[in-house]
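data.tsv (TSV, C-alpha atoms) appears below.
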```
chain	number	residue	atom	x	y	z
A	1	MET	CA	-59.63	-22.61	-69.09
A	2	LYS	CA	-56.97	-25.33	-69.03
A	3	LYS	CA	-59.48	-27.78	-67.60
A	4	ASN	CA	-61.90	-26.89	-70.39
A	5	THR	CA	-59.34	-27.67	-73.11
A	6	SER	CA	-58.43	-30.92	-71.38
A	7	ASN	CA	-62.11	-31.88	-71.27
A	8	GLN	CA	-62.43	-31.04	-74.95
A	9	VAL	CA	-59.48	-33.31	-75.79
A	10	ASN	CA	-60.98	-36.10	-73.69
A	11	MET	CA	-64.29	-35.71	-75.52
A	12	ASN	CA	-62.50	-35.84	-78.85
A	13	ILE	CA	-60.67	-38.98	-77.78
A	14	GLU	CA	-64.00	-40.52	-76.79
A	15	LEU	CA	-65.17	-39.83	-80.34
A	16	LEU	CA	-62.17	-41.78	-81.64
A	17	GLN	CA	-63.20	-44.75	-79.51
A	18	GLN	CA	-66.52	-44.88	-81.36
A	19	ILE	CA	-64.82	-45.67	-84.67
A	20	LYS	CA	-66.05	-49.04	-85.88
A	21	ASN	CA	-63.91	-51.85	-87.18
A	22	VAL	CA	-64.46	-52.58	-90.85
A	23	GLU	CA	-63.83	-55.67	-92.95
A	24	ILE	CA	-61.25	-55.67	-95.70
A	25	PRO	CA	-62.88	-55.76	-99.18
A	26	GLN	CA	-62.82	-59.20	-100.82
A	27	HIS	CA	-61.13	-57.98	-104.00
A	28	ILE	CA	-58.17	-56.73	-101.93
A	29	SER	CA	-57.72	-60.20	-100.47
A	30	SER	CA	-57.64	-61.69	-103.96
A	31	ARG	CA	-55.17	-59.04	-105.09
A	32	ILE	CA	-52.90	-59.74	-102.11
A	33	PHE	CA	-52.94	-63.49	-102.81
A	34	LEU	CA	-52.20	-62.91	-106.49
A	35	ASN	CA	-49.25	-60.77	-105.50
A	36	ILE	CA	-48.05	-63.38	-103.04
A	37	GLN	CA	-48.33	-66.05	-105.73
A	38	SER	CA	-46.24	-64.05	-108.20
A	39	THR	CA	-43.69	-63.43	-105.43
A	40	ARG	CA	-43.65	-67.18	-104.76
A	41	HIS	CA	-43.03	-67.86	-108.47
A	42	ARG	CA	-40.29	-65.25	-108.54
A	43	LYS	CA	-38.75	-66.77	-105.42
A	44	LEU	CA	-38.85	-70.24	-106.99
A	45	SER	CA	-37.44	-69.06	-110.31
A	46	VAL	CA	-34.59	-67.33	-108.49
A	47	ILE	CA	-33.86	-70.60	-106.66
A	48	TYR	CA	-33.92	-72.56	-109.95
A	49	VAL	CA	-31.67	-70.06	-111.72
A	50	ARG	CA	-29.22	-70.27	-108.83
A	51	ARG	CA	-29.24	-74.08	-108.92
A	52	VAL	CA	-28.70	-74.21	-112.69
A	53	ALA	CA	-25.89	-71.67	-112.39
A	54	ALA	CA	-24.30	-73.71	-109.58
A	55	ILE	CA	-24.46	-76.94	-111.64
A	56	PHE	CA	-23.04	-75.15	-114.70
A	57	ILE	CA	-20.13	-73.76	-112.67
A	58	LEU	CA	-19.52	-77.22	-111.16
A	59	PHE	CA	-19.36	-78.82	-114.64
A	60	LEU	CA	-17.09	-76.04	-115.82
A	61	ILE	CA	-14.70	-76.66	-112.91
A	62	ILE	CA	-14.74	-80.44	-113.55
A	63	ASP	CA	-14.09	-79.85	-117.28
A	64	MET	CA	-11.25	-77.44	-116.60
A	65	SER	CA	-9.60	-79.76	-114.08
A	66	ALA	CA	-9.95	-82.70	-116.53
A	67	ILE	CA	-8.33	-80.66	-119.32
A	68	VAL	CA	-5.50	-79.58	-117.03
A	69	TYR	CA	-5.03	-83.16	-115.81
A	70	TYR	CA	-4.83	-84.61	-119.37
A	71	HIS	CA	-2.62	-81.77	-120.53
A	72	ARG	CA	-0.16	-82.42	-117.71
A	73	LYS	CA	-0.30	-86.17	-118.27
A	74	HIS	CA	0.34	-85.69	-121.98
A	75	GLN	CA	3.19	-83.31	-121.26
A	76	LYS	CA	4.74	-85.80	-118.83
A	77	GLN	CA	4.52	-88.54	-121.42
A	78	ASN	CA	6.08	-86.24	-124.02
A	79	ASP	CA	8.86	-85.37	-121.61
A	80	SER	CA	9.58	-89.03	-120.87
A	81	ASN	CA	9.50	-89.81	-124.63
A	82	ASN	CA	11.97	-87.01	-125.18
A	83	TYR	CA	14.24	-88.43	-122.49
A	84	ILE	CA	14.09	-91.89	-124.09
A	85	GLU	CA	14.87	-90.37	-127.48
A	86	LEU	CA	17.76	-88.42	-125.98
A	87	ALA	CA	19.09	-91.52	-124.26
A	88	LYS	CA	18.80	-93.51	-127.48
A	89	ASN	CA	20.73	-90.84	-129.37
A	90	GLN	CA	23.38	-90.78	-126.70
A	91	ILE	CA	23.79	-94.56	-126.84
A	92	TYR	CA	23.88	-94.42	-130.63
A	93	ASN	CA	26.53	-91.73	-130.60
A	94	GLU	CA	28.63	-93.67	-128.17
B	1	MET	CA	-46.28	-71.25	-89.76
B	2	ASP	CA	-48.98	-71.00	-92.34
B	3	PHE	CA	-49.30	-67.69	-94.21
B	4	GLU	CA	-52.94	-68.23	-95.04
B	5	LYS	CA	-53.80	-68.74	-91.38
B	6	ILE	CA	-51.99	-65.55	-90.40
B	7	TYR	CA	-53.73	-63.67	-93.20
B	8	ASN	CA	-57.20	-64.82	-92.23
B	9	GLU	CA	-56.59	-64.05	-88.59
B	10	TYR	CA	-55.07	-60.60	-88.94
B	11	LYS	CA	-56.31	-59.15	-92.25
B	12	ASN	CA	-58.91	-56.91	-90.61
B	13	LEU	CA	-56.55	-55.89	-87.82
B	14	VAL	CA	-53.95	-54.69	-90.34
B	15	TYR	CA	-56.53	-52.97	-92.55
B	16	ASN	CA	-58.13	-51.11	-89.63
B	17	LEU	CA	-54.77	-50.09	-88.19
B	18	ALA	CA	-53.72	-48.73	-91.59
B	19	LEU	CA	-57.03	-46.85	-91.79
B	20	GLN	CA	-56.29	-45.12	-88.46
B	21	TYR	CA	-52.94	-43.96	-89.86
B	22	VAL	CA	-54.02	-42.72	-93.30
B	23	GLN	CA	-57.83	-42.36	-92.97
B	24	ASN	CA	-58.26	-43.33	-96.60
B	25	GLN	CA	-59.47	-46.67	-97.95
B	26	ALA	CA	-57.28	-46.83	-101.05
B	27	ASP	CA	-54.12	-45.99	-99.09
B	28	ALA	CA	-55.04	-48.43	-96.32
B	29	GLN	CA	-55.51	-51.18	-98.91
B	30	GLU	CA	-52.08	-50.46	-100.33
B	31	ILE	CA	-50.51	-50.56	-96.85
B	32	THR	CA	-52.31	-53.84	-96.07
B	33	GLN	CA	-50.93	-55.34	-99.26
B	34	ASP	CA	-47.38	-54.17	-98.45
B	35	THR	CA	-47.69	-55.48	-94.90
B	36	PHE	CA	-48.76	-58.98	-95.94
B	37	LEU	CA	-46.14	-59.13	-98.66
B	38	SER	CA	-43.53	-58.28	-96.06
B	39	ILE	CA	-44.98	-60.89	-93.67
B	40	TYR	CA	-44.81	-63.51	-96.43
B	41	LYS	CA	-41.21	-62.65	-97.29
B	42	ASN	CA	-40.05	-62.63	-93.66
B	43	LEU	CA	-42.04	-65.59	-92.40
B	44	ASP	CA	-38.97	-67.85	-92.44
B	45	SER	CA	-36.89	-65.39	-90.46
B	46	PHE	CA	-39.52	-64.73	-87.76
B	47	GLN	CA	-37.74	-65.69	-84.54
B	48	ARG	CA	-40.79	-66.02	-82.26
B	49	LYS	CA	-39.30	-63.63	-79.70
B	50	SER	CA	-42.75	-62.05	-79.57
B	51	SER	CA	-46.22	-63.30	-80.43
B	52	VAL	CA	-47.32	-63.36	-84.07
B	53	LYS	CA	-49.88	-60.66	-83.32
B	54	THR	CA	-47.24	-58.27	-81.94
B	55	TRP	CA	-45.01	-59.01	-84.93
B	56	VAL	CA	-47.87	-58.28	-87.33
B	57	TYR	CA	-48.66	-55.06	-85.44
B	58	ARG	CA	-45.04	-53.89	-85.71
B	59	ILE	CA	-44.85	-54.59	-89.45
B	60	ALA	CA	-48.19	-52.84	-90.07
B	61	ILE	CA	-47.11	-49.78	-88.06
B	62	ASN	CA	-43.77	-49.57	-89.88
B	63	LYS	CA	-45.43	-49.94	-93.28
B	64	SER	CA	-47.99	-47.25	-92.43
B	65	LEU	CA	-45.28	-44.82	-91.29
B	66	ASP	CA	-43.15	-45.62	-94.37
B	67	PHE	CA	-46.16	-44.95	-96.58
B	68	ILE	CA	-46.87	-41.59	-94.91
B	69	ASN	CA	-43.20	-40.56	-95.17
B	70	SER	CA	-43.02	-41.50	-98.85
B	71	ARG	CA	-46.20	-39.48	-99.46
B	72	LYS	CA	-44.64	-36.49	-97.68
B	73	ARG	CA	-41.49	-36.81	-99.81
B	74	ASN	CA	-43.56	-36.95	-103.01
B	75	LYS	CA	-45.62	-33.96	-101.87
B	76	ARG	CA	-42.44	-31.94	-101.23
B	77	ARG	CA	-41.00	-32.93	-104.62
B	78	PHE	CA	-44.26	-32.01	-106.30
B	79	PHE	CA	-44.29	-28.65	-104.51
B	80	PHE	CA	-40.76	-27.79	-105.70
B	81	ASP	CA	-41.62	-28.91	-109.22
B	82	ALA	CA	-44.68	-26.67	-109.10
B	83	ILE	CA	-42.54	-23.72	-107.97
B	84	LYS	CA	-40.16	-24.41	-110.85
B	85	ASN	CA	-43.04	-24.40	-113.30
B	86	ASN	CA	-44.79	-21.42	-111.60
B	87	GLN	CA	-47.90	-23.43	-110.80
B	88	THR	CA	-48.08	-22.84	-107.05
B	89	ASN	CA	-51.65	-21.56	-107.24
B	90	GLU	CA	-52.89	-25.01	-108.09
B	91	LYS	CA	-53.51	-26.88	-104.88
B	92	VAL	CA	-53.06	-30.60	-105.21
B	93	GLN	CA	-54.88	-32.90	-102.83
B	94	PHE	CA	-53.27	-36.29	-102.38
B	95	SER	CA	-55.68	-38.30	-100.29
B	96	HIS	CA	-58.95	-37.12	-98.81
B	97	PHE	CA	-60.66	-38.26	-95.63
B	98	ASP	CA	-62.38	-41.53	-96.43
B	99	HIS	CA	-62.70	-43.60	-93.25
B	100	PRO	CA	-65.46	-46.23	-93.56
B	101	GLY	CA	-65.53	-46.85	-89.79
B	102	VAL	CA	-66.75	-43.33	-88.99
B	103	ILE	CA	-70.48	-42.67	-88.98
B	104	LEU	CA	-71.68	-39.81	-91.17
B	105	GLU	CA	-72.87	-37.57	-88.32
B	106	GLN	CA	-69.44	-37.63	-86.70
B	107	LYS	CA	-67.43	-37.40	-89.89
B	108	GLU	CA	-66.55	-33.69	-89.63
B	109	ALA	CA	-65.63	-33.88	-85.94
B	110	VAL	CA	-63.52	-37.02	-86.38
B	111	LYS	CA	-61.82	-35.54	-89.44
B	112	LYS	CA	-60.84	-32.53	-87.34
B	113	ILE	CA	-59.32	-34.77	-84.64
B	114	PHE	CA	-57.46	-36.86	-87.20
B	115	ASP	CA	-56.12	-33.67	-88.81
B	116	ALA	CA	-54.70	-32.79	-85.41
B	117	ILE	CA	-53.37	-36.32	-84.79
B	118	ASN	CA	-51.64	-36.26	-88.18
B	119	GLN	CA	-49.61	-33.27	-86.98
B	120	LEU	CA	-48.15	-35.24	-84.05
B	121	PRO	CA	-44.70	-36.86	-84.18
B	122	GLU	CA	-44.74	-40.51	-85.32
B	123	ARG	CA	-44.36	-42.15	-81.90
B	124	GLN	CA	-46.96	-39.93	-80.23
B	125	LYS	CA	-49.38	-40.71	-83.05
B	126	THR	CA	-48.74	-44.44	-82.67
B	127	ALA	CA	-49.29	-44.22	-78.90
B	128	ILE	CA	-52.64	-42.45	-79.35
B	129	ILE	CA	-53.79	-44.89	-82.04
B	130	LEU	CA	-52.85	-48.00	-80.08
B	131	LEU	CA	-54.13	-46.78	-76.71
B	132	LYS	CA	-57.29	-44.99	-77.70
B	133	ILE	CA	-58.48	-46.43	-81.01
B	134	GLU	CA	-57.13	-49.97	-80.86
B	135	ASN	CA	-57.90	-50.07	-77.12
B	136	LYS	CA	-54.59	-51.66	-76.18
B	137	THR	CA	-53.36	-51.53	-72.60
B	138	GLN	CA	-50.24	-49.50	-71.79
B	139	LYS	CA	-48.30	-52.72	-71.33
B	140	GLU	CA	-49.37	-54.08	-74.72
B	141	THR	CA	-48.62	-50.74	-76.38
B	142	ALA	CA	-45.18	-50.66	-74.76
B	143	PHE	CA	-44.47	-54.18	-76.02
B	144	ILE	CA	-45.56	-53.34	-79.57
B	145	MET	CA	-43.61	-50.06	-79.58
B	146	GLN	CA	-40.60	-51.75	-77.96
B	147	CYS	CA	-40.30	-49.26	-75.11
B	148	SER	CA	-41.17	-49.06	-71.42
B	149	VAL	CA	-44.64	-48.47	-69.97
B	150	LYS	CA	-43.38	-45.14	-68.59
B	151	SER	CA	-42.34	-44.03	-72.07
B	152	VAL	CA	-45.81	-44.88	-73.38
B	153	GLU	CA	-47.35	-42.88	-70.55
B	154	SER	CA	-45.19	-39.87	-71.29
B	155	LEU	CA	-45.77	-40.18	-75.07
B	156	TYR	CA	-49.52	-40.19	-74.45
B	157	GLN	CA	-49.39	-37.18	-72.13
B	158	ARG	CA	-47.27	-35.20	-74.59
B	159	ALA	CA	-49.60	-36.19	-77.43
B	160	LYS	CA	-52.62	-35.05	-75.40
B	161	ASN	CA	-51.00	-31.69	-74.58
B	162	LYS	CA	-50.05	-31.11	-78.18
B	163	LEU	CA	-53.51	-32.11	-79.37
B	164	SER	CA	-55.14	-29.62	-77.02
B	165	LYS	CA	-52.80	-26.90	-78.36
B	166	ILE	CA	-53.58	-27.78	-81.99
B	167	LEU	CA	-57.32	-28.03	-81.40
B	168	LYS	CA	-57.36	-24.65	-79.60
B	169	HIS	CA	-56.22	-22.87	-82.78
```
Rewrite the structure of this file - the entire thing - as structure tokens.
Amino acid sequence: MKKNTSNQVNMNIELLQQIKNVEIPQHISSRIFLNIQSTRHRKLSVIYVRRVAAIFILFLIIDMSAIVYYHRKHQKQNDSNNYIELAKNQIYNE
Amino acid sequence: MDFEKIYNEYKNLVYNLALQYVQNQADAQEITQDTFLSIYKNLDSFQRKSSVKTWVYRIAINKSLDFINSRKRNKRRFFFDAIKNNQTNEKVQFSHFDHPGVILEQKEAVKKIFDAINQLPERQKTAIILLKIENKTQKETAFIMQCSVKSVESLYQRAKNKLSKILKH
């Protein structure tokens, strides 16, 4: 009985081995390549967006540091002007 | 590595492998598309630890199993929705047997075997497909499935036993 079932399974498996290989339809190939192309475009656009964002952030940082630099410089000059003024007043008072 | 070259070399391999998993042309086409999209996306990160063919096999197997699991999840969700709406009498068929590689005279018999194979656990199903339909050696199957030759042997034996039980009913 057991041998019979085993034989039946083997016969079924032999049937599976008779399955033929088939070719993929041409329109599927075109669809796959279209999809790949749109993925490629998306990939490229993501790279471009990242680059533009990086450049924008870089300019922003440069701008900010320039503003801070000039602000400090201006403040220093103001401070030194104030000191000169103060010294002048002191000398005048004396 | 050139994607187009890989595609031309392995397109039929992937399509036929997907057909063995889902036995339906439309589903196999979808799996093939997913597989090649994944190959394209991961081409840069392919580390050449295995051959391209093995890598393609692994991706195709994973995509096929993912597809089947997502179908099962949808089926379950649909079933619960049907219970909620009291429509359980309506039987919904998702994908019918449509394997172009099977000759008409053997269609019924092969469908019966595939129905039984579809009831096997994932790894046993993969072992049967690779060993008996794709005609891979045990060593090749073990390499694709990333396990030992002994594991493949035992997976195949268990699959055969289970198949005989299912086919007896």
Please, which residues in chain B fall within 6 Å of chain A when counting only C-alpha atoms, and what is the closest atom pair and distance in Å to one decimal for each, ordered by chain then residue number, as a Markdown table?
```
| residue | atom | partner | partner_atom | distance |
| --- | --- | --- | --- | --- |
| B:Asn12 | CA | A:Glu23 | CA | 5.6 |
| B:Gln33 | CA | A:Ile32 | CA | 5.6 |
| B:Gly101 | CA | A:Lys20 | CA | 4.5 |
| B:Val102 | CA | A:Ile19 | CA | 5.3 |
| B:Ile133 | CA | A:Gln17 | CA | 5.2 |
| B:Ser164 | CA | A:Val9 | CA | 5.8 |
```
Grab the atom CA of B:Asp115 to atom CA of B:Asn135 distance for me, in Å with one decimal place. 20.2 Å
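Pairwise distance (atom CA of A:Ile47, atom CA of A:Phe59) equals 18.5 Å.
Between atom CA of B:Gln25 and atom CA of B:Leu65 the separation is 15.8 Å.
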As a short mmCIF file (atom, residue, chain, number, x, y, z; two decimals) with C-alpha atoms, in the frame of the given file, please: the residues near stretch 157-162 of chain B (cut-off 8 Å, all atoms listed in the file, same-chain neighbours under 6 positions excluded).
```cif
data_model
loop_
_atom_site.label_atom_id
_atom_site.label_comp_id
_atom_site.auth_asym_id
_atom_site.auth_seq_id
_atom_site.Cartn_x
_atom_site.Cartn_y
_atom_site.Cartn_z
CA VAL A 9 -59.48 -33.31 -75.79
CA LEU B 120 -48.15 -35.24 -84.05
CA GLN B 124 -46.96 -39.93 -80.23
CA LYS B 125 -49.38 -40.71 -83.05
CA ILE B 128 -52.64 -42.45 -79.35
#
```
Which residues are near B:His99? Cut-off 8 Å, all atoms listed in the file, ignore same chain within fewer than 5 positions. Put them as a list in words. Leu19, Gln23, Asn24 and Gln25 of chain B
Stretch 117-136 of chain B: axis-aligned bounding box, 5 Å on each side, centre and edge lengths in Å, one decimal, as JSON:
```
{"center_x": -51.4, "center_y": -42.5, "center_z": -82.2, "size_x": 24.1, "size_y": 28.4, "size_z": 22.0}
```
